[in-house]
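protein-v3.csv (CSV, C-alpha atoms) appears below.
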chain,number,residue,atom,x,y,z
A,27,ASP,CA,-2.7,-4.4,-5.8
A,28,GLN,CA,-1.6,-6.9,-3.1
A,29,GLN,CA,-1.9,-5.0,0.2
A,30,VAL,CA,-0.8,-8.1,2.2
A,31,LYS,CA,2.2,-10.0,0.8
A,32,GLN,CA,3.7,-13.3,1.8
A,33,ASN,CA,6.7,-13.5,-0.5
A,34,SER,CA,7.7,-17.1,0.4
A,35,PRO,CA,5.3,-19.5,-1.2
A,36,SER,CA,6.8,-22.4,0.6
A,37,LEU,CA,9.0,-23.3,3.6
A,38,SER,CA,10.5,-26.5,4.7
A,39,VAL,CA,11.7,-27.0,8.3
A,40,GLN,CA,12.9,-29.9,10.3
A,41,GLU,CA,10.8,-31.2,13.2
A,42,GLY,CA,11.9,-29.5,16.5
A,43,ARG,CA,13.3,-26.5,14.8
A,44,ILE,CA,11.9,-23.0,14.5
A,45,SER,CA,9.6,-22.1,11.7
A,46,ILE,CA,9.4,-18.4,10.7
A,47,LEU,CA,6.7,-17.2,8.4
A,48,ASN,CA,6.9,-13.6,7.1
A,49,CYS,CA,4.3,-11.2,6.0
A,50,ASP,CA,4.5,-7.6,4.8
A,51,TYR,CA,1.7,-5.1,4.3
A,52,THR,CA,1.4,-1.8,2.6
A,53,ASN,CA,-1.8,-0.2,4.0
A,54,SER,CA,-1.0,1.9,7.0
A,55,MET,CA,-4.6,1.8,8.0
A,56,PHE,CA,-4.3,-1.9,9.0
A,57,ASP,CA,-4.2,-2.1,12.8
A,58,TYR,CA,-5.1,-5.7,13.5
A,59,PHE,CA,-3.4,-8.7,12.1
A,60,LEU,CA,-4.2,-12.4,12.2
A,61,TRP,CA,-2.7,-15.7,11.1
A,62,TYR,CA,-4.8,-18.5,9.8
A,63,LYS,CA,-3.7,-22.1,9.1
A,64,LYS,CA,-5.3,-24.1,6.4
A,65,TYR,CA,-5.2,-27.9,5.8
A,66,PRO,CA,-6.2,-29.3,2.4
A,67,ALA,CA,-9.9,-29.5,1.7
A,68,GLU,CA,-10.6,-27.5,4.9
A,69,GLY,CA,-11.4,-23.8,5.5
A,70,PRO,CA,-8.8,-21.7,7.2
A,71,THR,CA,-8.6,-21.9,11.0
A,72,PHE,CA,-7.8,-18.9,13.1
A,73,LEU,CA,-4.4,-19.3,14.9
A,74,ILE,CA,-3.3,-16.1,16.5
A,75,SER,CA,-3.7,-12.4,16.2
A,76,ILE,CA,-2.0,-9.2,17.3
A,77,SER,CA,-3.2,-5.6,17.7
A,78,SER,CA,-1.1,-2.7,16.4
A,79,ILE,CA,-0.7,-1.5,20.0
A,80,LYS,CA,1.5,-4.5,20.7
A,81,ASP,CA,4.7,-5.8,19.1
A,82,LYS,CA,4.4,-9.4,20.3
A,83,ASN,CA,1.7,-11.9,21.2
A,84,GLU,CA,2.4,-15.4,22.3
A,85,ASP,CA,0.2,-18.5,22.5
A,86,GLY,CA,2.0,-21.7,23.3
A,87,ARG,CA,4.3,-22.7,20.5
A,88,PHE,CA,3.1,-19.7,18.4
A,89,THR,CA,4.4,-16.2,18.6
A,90,VAL,CA,3.5,-13.3,16.3
A,91,PHE,CA,5.8,-10.3,16.1
A,92,LEU,CA,4.8,-7.0,14.7
A,93,ASN,CA,7.1,-4.3,13.4
A,94,LYS,CA,4.9,-1.4,12.5
A,95,SER,CA,7.6,0.9,11.2
A,96,ALA,CA,8.6,-1.8,8.7
A,97,LYS,CA,5.0,-2.9,8.1
A,98,HIS,CA,6.2,-6.4,8.7
A,99,LEU,CA,4.9,-9.2,10.9
A,100,SER,CA,6.1,-12.7,11.4
A,101,LEU,CA,4.8,-16.0,12.9
A,102,HIS,CA,7.3,-18.1,14.8
A,103,ILE,CA,6.5,-21.7,15.6
A,104,VAL,CA,8.8,-23.4,18.2
A,105,PRO,CA,9.3,-26.3,18.2
A,106,SER,CA,7.8,-27.2,14.8
A,107,GLN,CA,5.9,-30.4,14.6
A,108,PRO,CA,4.8,-32.5,11.6
A,109,GLY,CA,1.1,-31.6,12.3
A,110,ASP,CA,2.1,-28.0,11.7
A,111,SER,CA,2.4,-28.8,8.0
A,112,ALA,CA,-0.2,-26.6,6.3
A,113,VAL,CA,-0.7,-23.4,4.4
A,114,TYR,CA,-0.4,-20.3,6.6
A,115,PHE,CA,-2.2,-17.1,5.7
A,116,CYS,CA,-1.5,-13.7,7.1
A,117,ALA,CA,-4.5,-11.3,7.2
A,118,ALA,CA,-5.1,-7.7,8.2
A,119,THR,CA,-8.0,-5.4,8.9
A,120,PRO,CA,-8.1,-1.6,9.2
A,121,THR,CA,-9.1,0.5,12.1
A,122,GLY,CA,-12.4,-0.1,13.8
A,123,THR,CA,-13.7,-3.2,12.1
A,124,ALA,CA,-13.1,-6.8,12.0
A,125,SER,CA,-14.8,-7.3,8.7
A,126,LYS,CA,-13.2,-7.4,5.2
A,127,LEU,CA,-10.1,-9.2,6.2
A,128,THR,CA,-7.4,-8.8,3.5
A,129,PHE,CA,-5.4,-11.9,3.2
A,130,GLY,CA,-1.9,-12.7,1.8
A,131,THR,CA,-1.4,-15.5,-0.7
A,132,GLY,CA,-0.2,-18.0,1.9
A,133,THR,CA,3.0,-19.9,2.7
A,134,ARG,CA,3.0,-23.6,2.6
A,135,LEU,CA,5.0,-25.0,5.6
A,136,GLN,CA,6.3,-28.5,5.4
A,137,VAL,CA,7.7,-29.9,8.7
A,138,THR,CA,10.0,-32.8,8.0
A,139,LEU,CA,11.0,-35.6,10.3
B,61,GLY,CA,-21.2,-27.9,18.1
B,62,ALA,CA,-21.2,-27.9,14.3
B,63,GLY,CA,-18.9,-25.6,12.4
B,64,VAL,CA,-19.6,-23.6,9.3
B,65,SER,CA,-20.9,-25.8,6.5
B,66,GLN,CA,-21.0,-25.2,2.8
B,67,SER,CA,-22.7,-26.9,-0.1
B,68,PRO,CA,-22.0,-28.2,-2.6
B,69,SER,CA,-18.3,-29.0,-2.0
B,70,ASN,CA,-17.6,-29.1,-5.7
B,71,LYS,CA,-19.5,-27.6,-8.5
B,72,VAL,CA,-18.8,-27.9,-12.2
B,73,THR,CA,-20.8,-25.7,-14.6
B,74,GLU,CA,-20.8,-24.5,-18.1
B,75,LYS,CA,-20.0,-20.9,-19.0
B,76,GLY,CA,-23.2,-18.8,-19.0
B,77,LYS,CA,-25.1,-20.9,-16.5
B,78,ASP,CA,-26.2,-19.6,-13.1
B,79,VAL,CA,-24.9,-21.2,-9.8
B,80,GLU,CA,-26.0,-21.0,-6.2
B,81,LEU,CA,-23.6,-21.7,-3.4
B,82,ARG,CA,-25.0,-22.3,0.2
B,83,CYS,CA,-23.5,-21.4,3.6
B,84,ASP,CA,-24.8,-22.5,7.0
B,85,PRO,CA,-23.0,-20.4,9.6
B,86,ILE,CA,-22.3,-21.4,13.2
B,87,SER,CA,-25.6,-21.2,15.2
B,88,GLY,CA,-25.8,-17.8,17.0
B,89,HIS,CA,-23.2,-16.1,14.8
B,90,THR,CA,-24.6,-12.8,13.6
B,91,ALA,CA,-21.9,-11.9,11.1
B,92,LEU,CA,-21.4,-13.9,7.9
B,93,TYR,CA,-18.7,-13.4,5.2
B,94,TRP,CA,-18.1,-14.6,1.7
B,95,TYR,CA,-14.6,-14.8,0.3
B,96,ARG,CA,-13.1,-16.4,-2.8
B,97,GLN,CA,-9.7,-17.8,-3.5
B,98,SER,CA,-8.6,-17.9,-7.1
B,99,LEU,CA,-5.6,-20.0,-8.1
B,100,GLY,CA,-2.4,-18.5,-6.8
B,101,GLN,CA,-4.2,-15.7,-5.0
B,102,GLY,CA,-5.1,-14.8,-1.4
B,103,LEU,CA,-8.6,-14.9,-0.1
B,104,GLU,CA,-10.6,-12.0,-1.7
B,105,PHE,CA,-13.4,-10.5,0.4
B,106,LEU,CA,-16.7,-10.4,-1.4
B,107,ILE,CA,-19.5,-9.5,1.0
B,108,TYR,CA,-20.5,-9.6,4.6
B,109,PHE,CA,-23.8,-9.6,6.5
B,110,GLN,CA,-24.2,-8.3,10.1
B,111,GLY,CA,-27.5,-9.1,11.8
B,112,ASN,CA,-30.3,-7.2,10.1
B,113,SER,CA,-28.1,-4.4,8.7
B,114,ALA,CA,-27.7,-3.8,5.0
B,115,PRO,CA,-24.9,-6.1,3.8
B,116,ASP,CA,-21.5,-4.6,2.7
B,117,LYS,CA,-21.3,-5.6,-0.9
B,118,SER,CA,-18.2,-3.6,-1.7
B,119,GLY,CA,-16.1,-6.7,-2.6
B,120,LEU,CA,-18.5,-8.2,-5.2
B,121,PRO,CA,-16.6,-8.2,-8.5
B,122,SER,CA,-19.6,-7.5,-10.8
B,123,ASP,CA,-23.3,-7.3,-10.8
B,124,ARG,CA,-23.5,-10.9,-11.8
B,125,PHE,CA,-22.7,-11.7,-8.2
B,126,SER,CA,-25.4,-11.4,-5.5
B,127,ALA,CA,-25.9,-12.8,-2.0
B,128,GLU,CA,-28.7,-13.0,0.4
B,129,ARG,CA,-29.1,-14.2,4.0
B,130,THR,CA,-32.5,-15.4,5.1
B,131,GLY,CA,-33.6,-15.2,8.6
B,132,GLY,CA,-30.2,-14.1,9.8
B,133,SER,CA,-28.8,-17.6,9.3
B,134,VAL,CA,-28.3,-19.4,6.0
B,135,SER,CA,-26.7,-17.5,3.1
B,136,THR,CA,-26.8,-18.1,-0.6
B,137,LEU,CA,-24.2,-16.7,-3.0
B,138,THR,CA,-25.5,-16.5,-6.6
B,139,ILE,CA,-23.4,-16.1,-9.7
B,140,GLN,CA,-25.3,-15.4,-12.8
B,141,ARG,CA,-24.0,-16.1,-16.3
B,142,THR,CA,-20.8,-17.7,-15.0
B,143,GLN,CA,-17.5,-16.9,-16.7
B,144,GLN,CA,-14.3,-19.0,-16.7
B,145,GLU,CA,-12.7,-16.4,-14.4
B,146,ASP,CA,-15.3,-17.1,-11.8
B,147,SER,CA,-13.6,-20.5,-11.2
B,148,ALA,CA,-12.3,-20.4,-7.6
B,149,VAL,CA,-12.9,-21.8,-4.1
B,150,TYR,CA,-15.7,-19.8,-2.5
B,151,LEU,CA,-15.3,-19.7,1.3
B,152,CYS,CA,-17.9,-18.7,3.8
B,153,ALA,CA,-17.0,-17.6,7.4
B,154,SER,CA,-19.0,-16.5,10.4
B,155,SER,CA,-18.3,-14.7,13.6
B,156,LEU,CA,-20.3,-14.0,16.7
B,157,ARG,CA,-20.3,-10.3,15.9
B,158,VAL,CA,-18.6,-8.3,13.2
B,159,GLU,CA,-16.4,-6.8,16.0
B,160,ASP,CA,-14.9,-10.3,16.7
B,161,TRP,CA,-11.6,-10.7,15.1
B,162,ALA,CA,-11.6,-14.4,14.6
B,163,GLN,CA,-13.7,-15.6,11.7
B,164,TYR,CA,-14.6,-19.3,11.5
B,165,PHE,CA,-14.4,-20.7,8.0
B,166,GLY,CA,-16.3,-23.4,6.2
B,167,PRO,CA,-14.5,-25.9,3.9
B,168,GLY,CA,-15.4,-24.0,0.8
B,169,THR,CA,-17.1,-24.7,-2.5
B,170,ARG,CA,-14.8,-25.4,-5.4
B,171,LEU,CA,-16.4,-23.9,-8.5
B,172,THR,CA,-15.2,-24.8,-12.0
B,173,VAL,CA,-16.6,-23.0,-15.0
B,174,LEU,CA,-15.9,-24.8,-18.2

Let me see the file written as structure tokens.
Amino acid sequence: DQQVKQNSPSLSVQEGRISILNCDYTNSMFDYFLWYKKYPAEGPTFLISISSIKDKNEDGRFTVFLNKSAKHLSLHIVPSQPGDSAVYFCAATPTGTASKLTFGTGTRLQVTL
Amino acid sequence: GAGVSQSPSNKVTEKGKDVELRCDPISGHTALYWYRQSLGQGLEFLIYFQGNSAPDKSGLPSDRFSAERTGGSVSTLTIQRTQQEDSAVYLCASSLRVEDWAQYFGPGTRLTVL
């Protein structure tokens, strides 16, 4: 029962272009969403988050959009850089707690020159 | 300051043996989490500790799995009588408080059960 789904296992984008990573969830109790980035042989690194009371959160080149009615969120990276090449995980947590994050299976982003 | 560290980085064991995985959280972080990532799967929550409160063990897959946290700092995840399906990367994370959204992860321990 995959409550957080990342349906694209991989994505390739040219340097300078926009990268869009998508995430869908099924549990309506989720109200806080996070994106993590993971390089090989390292643990995931927190990137950006969004609360369900917002529909957009921006931090530099990274913007997360939340569509609650569609139970969908996306991470936009503009402009994409080669150092952004990594696996990106979407995670969610229900009301009132930051514990027990539920993660998606990840999307491997490759930014090409 | 140092991040979350885990040891060993790799562990190969035979089916039926017990293993212990160690996690050193960031100093001062009161919340500590264990996750695992099996091949092709997302990170799966196992257990979390918050200060001196009783741990939330709801994610532990069987009674062969246990964890403890001594002195509110270092944690050990123990898997008894390992099975091949226990093969995974075991990740530890910590946060200042359980209310903090951002968890800081260690590099993980890759466990292979032959």

**Message:** Select, as an NGL selection string, those residues of chain A with any atom no more than 10 Å from chain B (distances computed using all atoms listed in the file).
**Reply:** :A and (28 or 30-32 or 35 or 58-62 or 64-76 or 115-119 or 122-132)

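Note that CA of Ser122 (chain B) and CA of Cys83 (chain B) are 20.4 Å apart.
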
**Item:** Atom-to-atom span, CA of Thr90 (chain B) and CA of Glu128 (chain B), Å
**Value:**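 CA of Glu128 (chain B) lies at a distance of 13.8 Å from CA of Thr90 (chain B).
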
**Request:** Name the residues in contact with His98 (chain A) at a cut-off of 6 Å, using only C-alpha atoms, excluding same-chain residues fewer than 4 positions from it; report them as a count of residues only.
**Result:** 3

**Asked** Do you have the CA of Arg134 (chain A)-CA of Ser154 (chain B) distance handy?
**Response**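 Value for the CA of Arg134 (chain A)-CA of Ser154 (chain B) distance: 24.4 Å.
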
**Request:** Would you mind telling me which residue in B:Arg82, B:Arg96, B:Val173, B:Lys71 lies nearest to Ser147 (chain B) when using all atoms listed in the file?
**Result:**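 Using all atoms listed in the file, Ser147 (chain B) sits closest to B:Val173.
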
**Message:** When you look at Arg141 (chain B) with a cut-off of 9 Å (counting only C-alpha atoms), what residues show up, excluding the ones that are within fewer than 3 positions of it in the same chain? I need them as a count of residues only.
**Reply:** 6

Just add all heavy atoms to region 152-163 of chain B and send it as a tab-separated table (two decimals), keeping the file's coordinate frame.
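And here is the file that came out, result.tsv:
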chain	number	residue	atom	x	y	z
B	152	CYS	N	-16.99	-19.39	2.94
B	152	CYS	CA	-17.90	-18.70	3.80
B	152	CYS	C	-17.32	-18.70	5.23
B	152	CYS	O	-16.68	-19.68	5.63
B	152	CYS	CB	-19.27	-19.35	3.79
B	152	CYS	SG	-20.49	-18.69	4.93
B	153	ALA	N	-17.51	-17.64	5.97
B	153	ALA	CA	-17.00	-17.60	7.40
B	153	ALA	C	-18.11	-16.90	8.20
B	153	ALA	O	-18.94	-16.15	7.69
B	153	ALA	CB	-15.72	-16.83	7.46
B	154	SER	N	-18.09	-17.19	9.49
B	154	SER	CA	-19.00	-16.50	10.40
B	154	SER	C	-18.27	-16.11	11.66
B	154	SER	O	-17.23	-16.69	12.00
B	154	SER	CB	-20.24	-17.34	10.70
B	154	SER	OG	-19.93	-18.45	11.53
B	155	SER	N	-18.80	-15.12	12.33
B	155	SER	CA	-18.30	-14.70	13.60
B	155	SER	C	-19.44	-14.32	14.52
B	155	SER	O	-20.51	-13.97	14.02
B	155	SER	CB	-17.21	-13.64	13.54
B	155	SER	OG	-17.78	-12.46	13.03
B	156	LEU	N	-19.19	-14.35	15.81
B	156	LEU	CA	-20.30	-14.00	16.70
B	156	LEU	C	-20.84	-12.65	16.46
B	156	LEU	O	-22.04	-12.45	16.40
B	156	LEU	CB	-19.74	-14.16	18.17
B	156	LEU	CG	-20.79	-14.27	19.28
B	156	LEU	CD1	-21.70	-15.46	19.04
B	156	LEU	CD2	-20.10	-14.42	20.64
B	157	ARG	N	-19.92	-11.71	16.28
B	157	ARG	CA	-20.30	-10.30	15.90
B	157	ARG	C	-19.23	-9.86	14.92
B	157	ARG	O	-18.13	-10.40	14.89
B	157	ARG	CB	-20.27	-9.42	17.14
B	157	ARG	CG	-21.26	-9.74	18.22
B	157	ARG	CD	-21.01	-8.82	19.42
B	157	ARG	NE	-19.65	-8.96	19.92
B	157	ARG	CZ	-19.30	-9.84	20.84
B	157	ARG	NH1	-20.19	-10.68	21.34
B	157	ARG	NH2	-18.05	-9.90	21.25
B	158	VAL	N	-19.56	-8.82	14.19
B	158	VAL	CA	-18.60	-8.30	13.20
B	158	VAL	C	-17.38	-7.71	13.94
B	158	VAL	O	-16.30	-7.60	13.37
B	158	VAL	CB	-19.24	-7.29	12.27
B	158	VAL	CG1	-19.48	-5.96	12.98
B	158	VAL	CG2	-18.43	-7.11	11.02
B	159	GLU	N	-17.55	-7.39	15.24
B	159	GLU	CA	-16.40	-6.80	16.00
B	159	GLU	C	-15.43	-7.91	16.40
B	159	GLU	O	-14.33	-7.61	16.87
B	159	GLU	CB	-16.91	-6.12	17.25
B	159	GLU	CG	-17.80	-4.90	17.01
B	159	GLU	CD	-19.24	-5.27	16.73
B	159	GLU	OE1	-19.62	-6.45	16.90
B	159	GLU	OE2	-19.98	-4.37	16.31
B	160	ASP	N	-15.83	-9.18	16.29
B	160	ASP	CA	-14.90	-10.30	16.70
B	160	ASP	C	-13.89	-10.50	15.61
B	160	ASP	O	-14.21	-10.63	14.44
B	160	ASP	CB	-15.73	-11.56	16.91
B	160	ASP	CG	-16.61	-11.47	18.14
B	160	ASP	OD1	-16.28	-10.69	19.05
B	160	ASP	OD2	-17.63	-12.17	18.19
B	161	TRP	N	-12.66	-10.56	16.04
B	161	TRP	CA	-11.60	-10.70	15.10
B	161	TRP	C	-11.50	-12.01	14.40
B	161	TRP	O	-11.16	-12.11	13.24
B	161	TRP	CB	-10.25	-10.38	15.79
B	161	TRP	CG	-10.23	-9.06	16.48
B	161	TRP	CD1	-10.26	-8.82	17.81
B	161	TRP	CD2	-10.20	-7.77	15.86
B	161	TRP	NE1	-10.25	-7.47	18.06
B	161	TRP	CE2	-10.21	-6.81	16.88
B	161	TRP	CE3	-10.17	-7.35	14.53
B	161	TRP	CZ2	-10.19	-5.45	16.63
B	161	TRP	CZ3	-10.15	-5.99	14.27
B	161	TRP	CH2	-10.15	-5.06	15.32
B	162	ALA	N	-11.81	-13.05	15.15
B	162	ALA	CA	-11.60	-14.40	14.60
B	162	ALA	C	-12.88	-14.79	13.81
B	162	ALA	O	-13.99	-14.80	14.34
B	162	ALA	CB	-11.38	-15.39	15.71
B	163	GLN	N	-12.67	-15.08	12.56
B	163	GLN	CA	-13.70	-15.60	11.70
B	163	GLN	C	-13.55	-17.10	11.56
B	163	GLN	O	-12.42	-17.57	11.39
B	163	GLN	CB	-13.72	-14.90	10.36
B	163	GLN	CG	-13.97	-13.41	10.45
B	163	GLN	CD	-13.88	-12.70	9.11
B	163	GLN	OE1	-13.88	-13.33	8.06
B	163	GLN	NE2	-13.83	-11.37	9.15
